[in-house]
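Everything below concerns the one structure shown next.
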Amino acid sequence: MTITPLPFSKILIANRGEIAIRIMRACRELNIPSVAVYSEADANAQHVQCADEAVLIGPPAPKESYLNVDHLLDAARHSGADAIHPGYGFLSENASFASAVESAHLTFIGPSADSIRAMGDKAESKIRMKQAAVPTVPGFENLESEQEFKRAAGEIGYPVLVKAAAGGGGKGMRVVHAESELSEAIALARREALNSFGDERLLIEKYLVEAHHVEIQVFGDKHGNLVHLFERECSVQRRHQKIIEESPSPLLTPQVRARMGEAAVNAAKAVGYFNAGTVEFIFDPRADSFYFLEMNTRLQVEHPVTELVSGLDLVQWQIRVAAGERFPFEQSGLHQRGHAIECRVYAEDPASGFLPSTGKLLQFIEPRGPGIRVDSGFRAGDIVTHFYDPLLAKLIVYGETRASAIQRMKIALRDFIVHGVTTNLDYMQSVLAHEDFAAGRVSTNWVEDHVREWTPAVPTEEALIAAALADVAFAASKSQSSISTETDPFNPWKQSNNFRN
Amino acid sequence: MTITPLPFSKILIANRGEIAIRIMRACRELNIPSVAVYSEADANAQHVQCADEAVLIGPPAPKESYLNVDHLLDAARHSGADAIHPGYGFLSENASFASAVESAHLTFIGPSADSIRAMGDKAESKIRMKQAAVPTVPGFENLESEQEFKRAAGEIGYPVLVKAAAGGGGKGMRVVHAESELSEAIALARREALNSFGDERLLIEKYLVEAHHVEIQVFGDKHGNLVHLFERECSVQRRHQKIIEESPSPLLTPQVRARMGEAAVNAAKAVGYFNAGTVEFIFDPRADSFYFLEMNTRLQVEHPVTELVSGLDLVQWQIRVAAGERFPFEQSGLHQRGHAIECRVYAEDPASGFLPSTGKLLQFIEPRGPGIRVDSGFRAGDIVTHFYDPLLAKLIVYGETRASAIQRMKIALRDFIVHGVTTNLDYMQSVLAHEDFAAGRVSTNWVEDHVREWTPAVPTEEALIAAALADVAFAASKSQSSISTETDPFNPWKQSNNFRN
Amino acid sequence: MKVTFGTHTLEITPTGDSYVAALNDKTINVQIVRADSGRLDLLVDGKRVTAYVSSDLAKRWVTLDGQTMLLTKTSGAKPGVRHDYAGGLTAPMPGQVRSVSVSEGEVVKKGQTLLTMEAMKMEIRIQALKDGRVKTVHVKPGQSVEREQILMEMEDE
Amino acid sequence: MKVTFGTHTLEITPTGDSYVAALNDKTINVQIVRADSGRLDLLVDGKRVTAYVSSDLAKRWVTLDGQTMLLTKTSGAKPGVRHDYAGGLTAPMPGQVRSVSVSEGEVVKKGQTLLTMEAMKMEIRIQALKDGRVKTVHVKPGQSVEREQILMEMEDE
C-alpha cells in the first residue's frame with residue numbers, strides 16, 4: 001500500500017500564484033520536488049516560498065518572463081527538471097510551447113500539442129465539432145474585412161459576440177448590440193487578441209441573451225480511456241470572466257447531464273485528447289439545449305469544485321497521466337456526491353466596474369472550518385501588483401445539498417478578512433444571498449445588471465469606534481501579544497447571586 | 001431549495017474547546033444562534049469568541065462549571081436557549097443531565113436518557129448486548145472486594161483490564177499484568193472513576209494483547225430509522241486514549257465490515273437508540289473476530305473522519321434529528337469514498353510519558369490545502385491551562401487512497417506550527433512514517449513500545465542560526481511587517497548572460 | 001481623544017476599565033475584551049463585537065460582520081481632500097498608457113474615448129464624462145502611471 | 001554578535017546584505033530573504049530555508065522542516081541552569097498535590113510511589129528514581145504547584 005514512484009525527478013511549474021502552489025502541493029504529495037519560476041516582481045511571492053527551488057526568469061512583464069519560452073526551458077535545464085506543468089493561463093494552451101517542451105525531451109503535463117492546436121483555433125475546432133456531431137453555436141469564421149463582419153453579423157442577428165479565434169478566458173471578447181458598435185469592437189478585440197495570444201484573428205457568433213455557461217470536465221489517460229467528471233455551472237460572470245462556479249448545476253436534469261457528458265467525451269475524442277480538459281457549452285434552460293462553445297485544453301481555475309464532488313485529485317492525476325499511469329476507474333464508477341461552490345476572491349472594486357485594486361495586504365485571514373477549502377496565492381504582508389491577474393484566492397465549499405453549500409459559503413465569505421486592497425468579497429455575499437442565485441436563475445449577463453443595484457458598505461458607528469480604538473488598543477499590546485481585562489463583563493455574580501447559592 | 005427552518009430558536013453548547021466551536025459552526029449553518037458557556041479560566045477562549053452569546057458558569061474546576069448541571073440549566077434559561085448540545089466528555093454521557101434537560105422543557109441534542117443509562121453502565125450494557133447476540137469480551141461485573149477481583153482476574157487470565165463501569169475515554173482504566181499490581185490499580189482506577197464520573201464501580205475483563213480498536217458510527221432518527229456510517233480504526237493510542245484514527249480500517253474485509261456494521265446497528269436497536277452514537281469493538285485481525293467493548297452515546301472526537309468518507313455532516317444531522325427530522329437516506333444509499341485520517345494534536349510531551357504541557361501559544365499556524373481540515377480550539381495568544389484536556393486541535397485529511405491520505409497527513413503535520421507548548425506533532429510524524437503504520441500493524445499497545453525508540457529533534461545548525469538571527473530580523477521588522485533584500489540571490493544574470501542574449 | 005473620519009467626529013474618553021464614545025449626539029460604552037494581531041474583541045453597549053482593523057497611514061480598514069469599510073482619518077478642522085480632481089481625468093489604477101486619441105484644444109463628446117490604458121493585461125478606455133474641450137494632456141503613450149495620477153485636464157467648451 | 005544556546009556558541013557578523021555565522025569551526029553564509037510574524041525566510045549557504053521562531057524570555061522555539069526545537073539562550077561564561085534540581089523531585093506540570101505517601105526520613109525503593117498529583121483530570125504518580133531516603137517534603141495534599149516546583153528532596157541512604 002505505497003505510492004508507486006513516478007518517473008519524474010523534478011517538475012518545473014511554469015506559472016505563479018495560487019495555481020502554482022496548488023500544483024506544488026500535488027508534487028509534494030507525490031514525492032516529487034518542484035521548481036518555481038518567478039519574475040522580478042515575484043521575488044517574495046508565495047509560490048516561490050512554497051517550491052523546493054526557484055529560478056528567476058525575467059522582468060515583471062509577462063512577455064519577458066512567464067510567457068518567455070526560452071527562459072522557461074533554460075530554467076528547466078538549469079534546475080534538472082524533467083517535466084513542466086503549465087497551470088492555466090500564460091502558456092498553458094500554447095501548442096508551440098507544448099511542442100518546444102517535448103522537443104527539449106521534457107514531459108509536458110497536459111494534452112498533446114496537436115490536441116491543443118486543434119482546439120486552440122476556435123474556428124477550426126468548431127468545424128471539427130460539427131463533424132463529430134457535437135452541437136455548435138451559429139456563427140462565422142475566417143472573416144477579414146469589416147464588410148464581411150457586418151454581413152455575417154446581420155445574417156446571425158444582433159446581439160453578436162466578436163471573439164479571438166485563438167482566445168479563451170474572456171480576453172479579446174466583445175458583445176456587439178448594434179452595427180454602429182461593430183467597428184470599434186473589432187479593433188479592440190483584435191488588439192487584445194494580439195496582445196494576449198499573439199494572434200489577431202477573430203470569429204463572430206450568435207450571442208444568447210439568457211444563456212447559462214455549463215462546462216464538462218473531461219479526463220483521459222494515455223491508454224485511450226476517456227471519462228467525464230460531470231458538469232460545472234459557471235454562469236456568474238463579470239467581463240466574461242467567471243467569479244462563482246458550482247457543481248452540480250441546479251438546472252441540469254440527469255438526462256441532459258448524461259447527454260452533455262457524452263457530447264463532451266465525443267468532443268475530446270475527436271482530437272485524440274488525454275490529460276485534463278474542459279468542454280464549455282452554452283446552455284439554454286428553457287429549451288434544455290446546449291451548444292459547444294470551446295474546449296479549454298488545460299486545468300481549469302474552477303477544478304476544485306469537481307474535486308470535491310468527484311472525490312478525485314485532478315492535479316495528482318494530471319501528473320500521473322503524464323507519467324503514463326492508467327486510470328483505475330471507469331465512467332460507471334464515477335459519481336457526483338453533495339454540492340460544491342467556488343468563489344473567486346479578486347483584488348478588484350465591484351463599485352468601479354470591477355477595476356483591479358493593488359497594494360500591500362495588511363491582513364489576509366482565510367476562513368476555515370469543515371467543508372471549507374481555500375486555494376490561495378498570498379499571505380499578509382504580500383504586495384498585489386498590477387502586472388498580473390488580480391486573483392487572490394479561491395474559496396471553495398462542500399455541502400450535502402446546494403442549500404447547505406450556499407449557507408456555508410455565505411459564512412465563509414464573511415469570515416474572509418482582506419485589508420490593504422479592495423476585494424469582491426462583499427459583492428459575492430450579495431450574489432449568494434440573492435433569490436435569483438438561490439433559484440438558479442443567474443445567467444451570464446446577470447452580474448452586469450445586478451451590480452448596479454449594489455453599493456459597498458457604509459461605515460457604521462461600530463466601525464468608527466473600532467477604527468478609533470484600534471490605535472489605542474494595538475499600541476498598548478505591542479509588547480505583549482494580547483491584553484485582557486481583569487474584570488469579566490458576563491460575570492453573573494455582578495448581577496445576581498443565583499449561581500452561588 | 002432552501003433549508004427548512006428548525007424549531008430551535010437558540011442552542012446552548014455545554015462544552016468548550018474545539019468541539020464547542022464545531023457545534024457552533026453547525027448552528028450558524030442552520031441559522032440558529034448559539035450560546036457558549038465558560039468557566040473563569042476560559043473568559044478569552046475561542047469558543048466564547050465564536051458564539052453569539054456567552055454565559056459564565058463558574059470557577060475553572062470542571063465540577064464547579066462545565067459539570068455543574070444547575071449552572072448550565074440556569075444559563076439556558078437566562079439566555080433563552082431551547083436546546084442543549086453536550087458535545088463529548090463532561091456531561092455528554094450523563095443520563096441524569098439528559099433527564100434534567102428534558103425536565104426543564106429543553107431539547108437534549110443526543111439520545112434519550114434511557115439509552116444513555118442503558119449503555120453508560122458498562123456491566124449492564126454487556127448483559128444487554130449478550131441478549132441481543134452482539135459478541136462481548138470475556139469478563140466480570142459487580143465485583144466488590146479485592147478477593148472477588150483477584151478470583152475473577154485469575155479465571156480470565158492475566159493481563160486483565162480494570163475499568164470504570166460508568167467510564168469512557170480511557171479515564172479510570174488500568175491494565176494489570178500480574179496479581180501483585182492488582183490492588184494499587186483498583187485503588188487508582190476507583191479514584192479516577194469517582195473523580196471523572198462520580199461513580200466508583202469497576203469491572204474487569206480480558207485484555208487482548210494484539211488487539212485493534214475498531215468502532216462503528218451509528219445514527220438514528222426519531223422515526224425508527226437506524227443506519228451505520230461504517231467503521232473507524234482507532235488503534236493508535238497512548239494511555240488508552242486515541243491519538244490517530246482513520247476510515248476505512250486497513251484491516252477489515254467487506255465481509256467483516258458488513259458483519260460489524262450489522263452488530264452495531266443491533267446493539268443500538270437493543271437500547272432504542274436515536275441520534276449519533278458509536279459502538280466500539282475490539283478486533284482481532286488474526287481471527288477476523290470482534291467483541292463489543294462499549295457504546296459511546298454521544299458525538300465522538302473522531303467524527304470528522306466519518307464525515308469525510310461518508311459526505312455527511314454529523315453535527316448538523318444531530319441537530320436535525322433532535323428537531324424531529326427524518327433521514328432522507330437509507331443504508332443502501334450510503335457509501336465510504338476515499339480515505340480519511342485524523343491526528344489529535346495535544347499539548348503534551350511524548351518524551352516525558354505524554355505529560356500535558358501548558359503555556360501561552362506564541363505561534364499557532366494551522367496547515368492548509370486541498371483535503372486538509374483542522375478543527376481547532378485555539379489561536380496564537382491563547383493560554384493552555386492545566387484545568388482541561390490538552391487537545392489543541394484535530395488535523396484531518398482526505399485522500400483518494402490510504403497511501404495518498406498518509407502522504408498528505410505527513411505533510412500537514414510538518415506544516416502545523418505550534419510554539420509555546422510542547423506538542424505531539426513531531427511524534428505523530430514518526431508514527432505516520434513508520435512501516436508498521438503503513439502496513440496497518442499498529443495495535444492498541446503499539447505506542448507504548450514505539451515511543452521508547454523515539455527521541456525529540458536535536459537542535460540543528462540551521463535552528464541555532466535561525467534562533468540567533470530572529471532577534472535581529474524581528475527587531476528590524478517591527479515597524480513594517482516585512483523586510484526584503486534588494487538584491488536577489490537567484491538572479492541568473494549574476495552567473496551568466498544566457499537569458500539576456 | 002478626538003478622532004475624525006470623513007464627516008464623523010468621535011470623542012473617546014477612558015472611564016476605569018472601559019471607554020465612552022460620543023458620536024452623533026449618542027453616548028456608547030465600549031470595553032476592549034482582547035486586542036491582538038489587528039483583531040479587536042469589543043463589548044459595545046454590552047454586545048460582543050469582533051472587529052478587524054488595519055492602519056495604513058491615515059487610512060483604516062475595518063471589517064465588522066463580514067463587511068469591509070475603508071475610513072480615512074482627517075483633521076477635524078479641514079474637509080478631506082477629494083480624489084476626483086476637479087476637471088481632471090485620473091488613472092483608475094496603476095498601468096501603462098497605450099494610446100492618446102485626442103490632442104490639446106480638441107472638442108470632445110460625452111462618452112468619447114480619449115485615451116486607452118493597459119493594466120493587468122486588460123485594455124481600459126478613458127472616456128469623456130461630459131461634452132467639453134481637452135485643456136491639457138499630461139501623459140504620452142508608453143508612459144507608466146500611478147493610481148489617481150492626472151492624465152488630462154478638461155474644460156467646458 | 002555572540003550568542004550561546006546551551007553548549008553551542010555562534011558568532012554572527014553582518015557582511016553587506018547578508019550574515020556570516022561561525023559555529024563549531026564552520027563558517028556559514030546566511031541571508032534574510034524575508035522576516036515577518038515569527039517567520040524567517042533564509043538562504044543558508046544558498047539553500048532556501050523557512051524557519052518559524054518565537055521568543056519567550058531566554059527561550060527560543062524554532063521549527064524547521066516540521067521539527068520543533070526548544071533552545072535556551074544562556075550567558076556564554078556560565079553553564080546553563082539545570083532544571084532537574086540535584087536530588088530533588090520536581091512537578092512535571094502545574095496541578096494539585098493529591099496525596100503524599102512518604103514522610104521525611106523514610107527509606108524508599110526505586111519506583112516506589114512517593115506522591116500523587118492531579119492535573120487535567122489525570123492522576124500522576126511521582127516515583128523514586130533510585131533507592132534512597134526522603135530528606136525534605138516541601139508540599140502538602142491539596143496544595144497547588146507550578147511546573148518544575150520542587151516537591152521533595154532525596155538523599156542517598
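Residues are referred to by chain and number: the chain letter is A, B, ... according to the order shown in the C-alpha cells, the number counts from 1 in that chain, and ligands are numbered separately from 1 in the order shown.
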
Would you give me, as a compact mmCIF listing (two decimals) with N, CA, C and O atoms, in the first residue's frame, the residues of chain A that come within 10 Å of chain D, using only C-alpha atoms?
# COMPACT_ATOMS: atom_id res chain seq x y z
N ALA A 43 9.69 38.11 -6.57
CA ALA A 43 10.79 37.52 -5.79
C ALA A 43 10.33 37.04 -4.41
O ALA A 43 10.82 36.05 -3.89
N ASN A 44 9.35 37.74 -3.82
CA ASN A 44 8.87 37.37 -2.49
C ASN A 44 7.52 36.67 -2.52
O ASN A 44 6.87 36.52 -1.49
N VAL A 48 7.02 31.14 -4.74
CA VAL A 48 8.47 31.00 -4.66
C VAL A 48 8.86 30.37 -3.32
O VAL A 48 9.70 29.47 -3.25
N GLN A 49 8.19 30.81 -2.25
CA GLN A 49 8.45 30.28 -0.91
C GLN A 49 8.08 28.81 -0.81
O GLN A 49 8.62 28.06 0.00
N CYS A 50 7.09 28.43 -1.59
CA CYS A 50 6.47 27.12 -1.47
C CYS A 50 7.26 26.02 -2.19
O CYS A 50 7.14 24.85 -1.88
N ALA A 51 8.07 26.42 -3.17
CA ALA A 51 8.77 25.45 -4.02
C ALA A 51 10.04 24.94 -3.36
O ALA A 51 10.54 25.53 -2.40
N ASP A 52 10.56 23.85 -3.89
CA ASP A 52 11.82 23.33 -3.40
C ASP A 52 12.99 24.15 -3.94
O ASP A 52 14.01 24.29 -3.28
N GLU A 53 12.84 24.66 -5.15
CA GLU A 53 13.83 25.54 -5.77
C GLU A 53 13.09 26.64 -6.51
O GLU A 53 11.93 26.48 -6.84
N ALA A 54 13.78 27.71 -6.84
CA ALA A 54 13.14 28.79 -7.59
C ALA A 54 14.15 29.41 -8.53
O ALA A 54 15.32 29.56 -8.19
N ALA A 380 -0.53 37.65 4.45
CA ALA A 380 -0.40 39.02 4.93
C ALA A 380 1.02 39.51 4.72
O ALA A 380 1.98 38.76 4.93
N GLY A 381 1.17 40.77 4.29
CA GLY A 381 2.49 41.32 4.05
C GLY A 381 2.87 41.29 2.58
O GLY A 381 3.77 42.01 2.15

- Message: How large is the C-alpha RMSD when chain C is optimally fitted onto chain D, using all Cα positions paired one-to-one in sequence order?
- Response: 0.3 Å

- DSSP strand (DSSP E) residues within range 73-319 of chain B, as a PyMOL selection string: chain B and resi 83-85+107-108+139-140+160-168+171-176+202-206+212-220+226-238+241-247+275-284+289-296

- Skip range 469-472 of chain A itself and residues of its chain fewer than 5 positions away, then list as number ranges by chain all residues within 10 Å of it, counting only C-alpha atoms. A: 463-464, 477; C: 1, 3, 12, 19, 21, 30-32, 35-36, 38-40, 42, 51-55, 60, 62

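Residues surrounding Tyr207 in chain A within 7 Å are Pro159, Val160 and Leu161 of chain A [only C-alpha atoms; sequence separation below 6 positions excluded].
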
- In Å to one decimal, how far is CA of His450 in chain A from CA of Ser376 in chain A? 27.0 Å

- Message: Excluding range 106-117 of chain D and its own-chain neighbours fewer than 5 positions away, which residues fall within 6 Å of it when counting only C-alpha atoms? Please give them as a PyMOL selection string.
- Response: chain D and resi 96-101+123-134

Can you list, as a PDB file with N, CA and C atoms, in the first residue's frame, every protein, DNA or RNA residue that comes within 6 Å of range 337-343 of chain B when you count only C-alpha atoms, leaving out same-chain residues fewer than 6 positions away?
ATOM      1  N   ILE B 243      -5.024   8.640  19.550  1.00  0.00           N
ATOM      2  CA  ILE B 243      -4.376   9.839  19.009  1.00  0.00           C
ATOM      3  C   ILE B 243      -4.502   9.908  17.487  1.00  0.00           C
ATOM      4  N   ILE B 244      -4.628   8.749  16.832  1.00  0.00           N
ATOM      5  CA  ILE B 244      -4.800   8.733  15.373  1.00  0.00           C
ATOM      6  C   ILE B 244      -5.949   7.788  15.026  1.00  0.00           C
ATOM      7  N   GLU B 245      -6.861   8.263  14.184  1.00  0.00           N
ATOM      8  CA  GLU B 245      -7.995   7.444  13.768  1.00  0.00           C
ATOM      9  C   GLU B 245      -8.121   7.516  12.255  1.00  0.00           C
ATOM     10  N   GLU B 246      -8.701   6.482  11.665  1.00  0.00           N
ATOM     11  CA  GLU B 246      -8.884   6.532  10.217  1.00  0.00           C
ATOM     12  C   GLU B 246     -10.091   5.712   9.791  1.00  0.00           C
ATOM     13  N   SER B 247     -10.539   5.998   8.585  1.00  0.00           N
ATOM     14  CA  SER B 247     -11.617   5.232   7.973  1.00  0.00           C
ATOM     15  C   SER B 247     -11.368   5.222   6.485  1.00  0.00           C
ATOM     16  N   VAL B 305     -13.553  12.013  10.543  1.00  0.00           N
ATOM     17  CA  VAL B 305     -13.122  11.034   9.529  1.00  0.00           C
ATOM     18  C   VAL B 305     -14.345  10.404   8.865  1.00  0.00           C
ATOM     19  N   VAL B 309     -15.447  10.585   4.731  1.00  0.00           N
ATOM     20  CA  VAL B 309     -15.661   9.441   3.840  1.00  0.00           C
ATOM     21  C   VAL B 309     -17.133   9.221   3.499  1.00  0.00           C
ATOM     22  N   LYS B 394      -7.687  19.082  16.037  1.00  0.00           N
ATOM     23  CA  LYS B 394      -7.729  17.817  15.318  1.00  0.00           C
ATOM     24  C   LYS B 394      -7.378  18.127  13.867  1.00  0.00           C
ATOM     25  N   LEU B 395      -6.417  17.383  13.366  1.00  0.00           N
ATOM     26  CA  LEU B 395      -5.992  17.573  11.987  1.00  0.00           C
ATOM     27  C   LEU B 395      -6.531  16.384  11.206  1.00  0.00           C
ATOM     28  N   ILE B 396      -7.338  16.657  10.197  1.00  0.00           N
ATOM     29  CA  ILE B 396      -7.979  15.581   9.460  1.00  0.00           C
ATOM     30  C   ILE B 396      -7.668  15.757   7.971  1.00  0.00           C
ATOM     31  N   VAL B 397      -7.295  14.672   7.322  1.00  0.00           N
ATOM     32  CA  VAL B 397      -7.042  14.755   5.877  1.00  0.00           C
ATOM     33  C   VAL B 397      -7.885  13.732   5.142  1.00  0.00           C
ATOM     34  N   TYR B 398      -8.156  14.050   3.881  1.00  0.00           N
ATOM     35  CA  TYR B 398      -8.856  13.144   2.983  1.00  0.00           C
ATOM     36  C   TYR B 398      -7.930  12.851   1.805  1.00  0.00           C
ATOM     37  N   GLY B 399      -7.938  11.618   1.349  1.00  0.00           N
ATOM     38  CA  GLY B 399      -7.183  11.260   0.147  1.00  0.00           C
ATOM     39  C   GLY B 399      -7.941  10.193  -0.613  1.00  0.00           C
ATOM     40  N   GLU B 400      -7.611  10.046  -1.899  1.00  0.00           N
ATOM     41  CA  GLU B 400      -8.323   9.027  -2.691  1.00  0.00           C
ATOM     42  C   GLU B 400      -8.084   7.624  -2.153  1.00  0.00           C
ATOM     43  N   THR B 401      -6.851   7.395  -1.681  1.00  0.00           N
ATOM     44  CA  THR B 401      -6.477   6.081  -1.166  1.00  0.00           C
ATOM     45  C   THR B 401      -5.804   6.276   0.194  1.00  0.00           C
ATOM     46  N   ARG B 402      -5.596   5.173   0.904  1.00  0.00           N
ATOM     47  CA  ARG B 402      -4.923   5.266   2.200  1.00  0.00           C
ATOM     48  C   ARG B 402      -3.516   5.823   2.019  1.00  0.00           C
TER      49      ARG B 402
END

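Among the candidates B:Val374, B:Leu252, B:Ile417, B:Ala118, the one nearest to Arg286 in chain B when counting only C-alpha atoms is B:Leu252.
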
- Message: Rounded to one decimal, what separation in Å do you get between CA of Ser9 in chain A and CA of Ala83 in chain A?
- Response: 8.4 Å

- Would you kindly return, as a ChimeraX atom specification, each protein, DNA or RNA residue with an atom no farther than 8 Å from any atom of Lys59 in chain C, considering only C-alpha atoms and excluding same-chain residues fewer than 4 positions away? /C:55,70-73

- Item | Point-to-point distance in Å for CA of Val421 in chain B and CA of Lys360 in chain B | 7.0 Å

- Among the residues of range 215-413 of chain B, find those DSSP assigns to helix (DSSP H, G or I) from the backbone and print them as a PyMOL selection string. chain B and resi 254-270+303-310+314-322+331-333+350-352+402-413
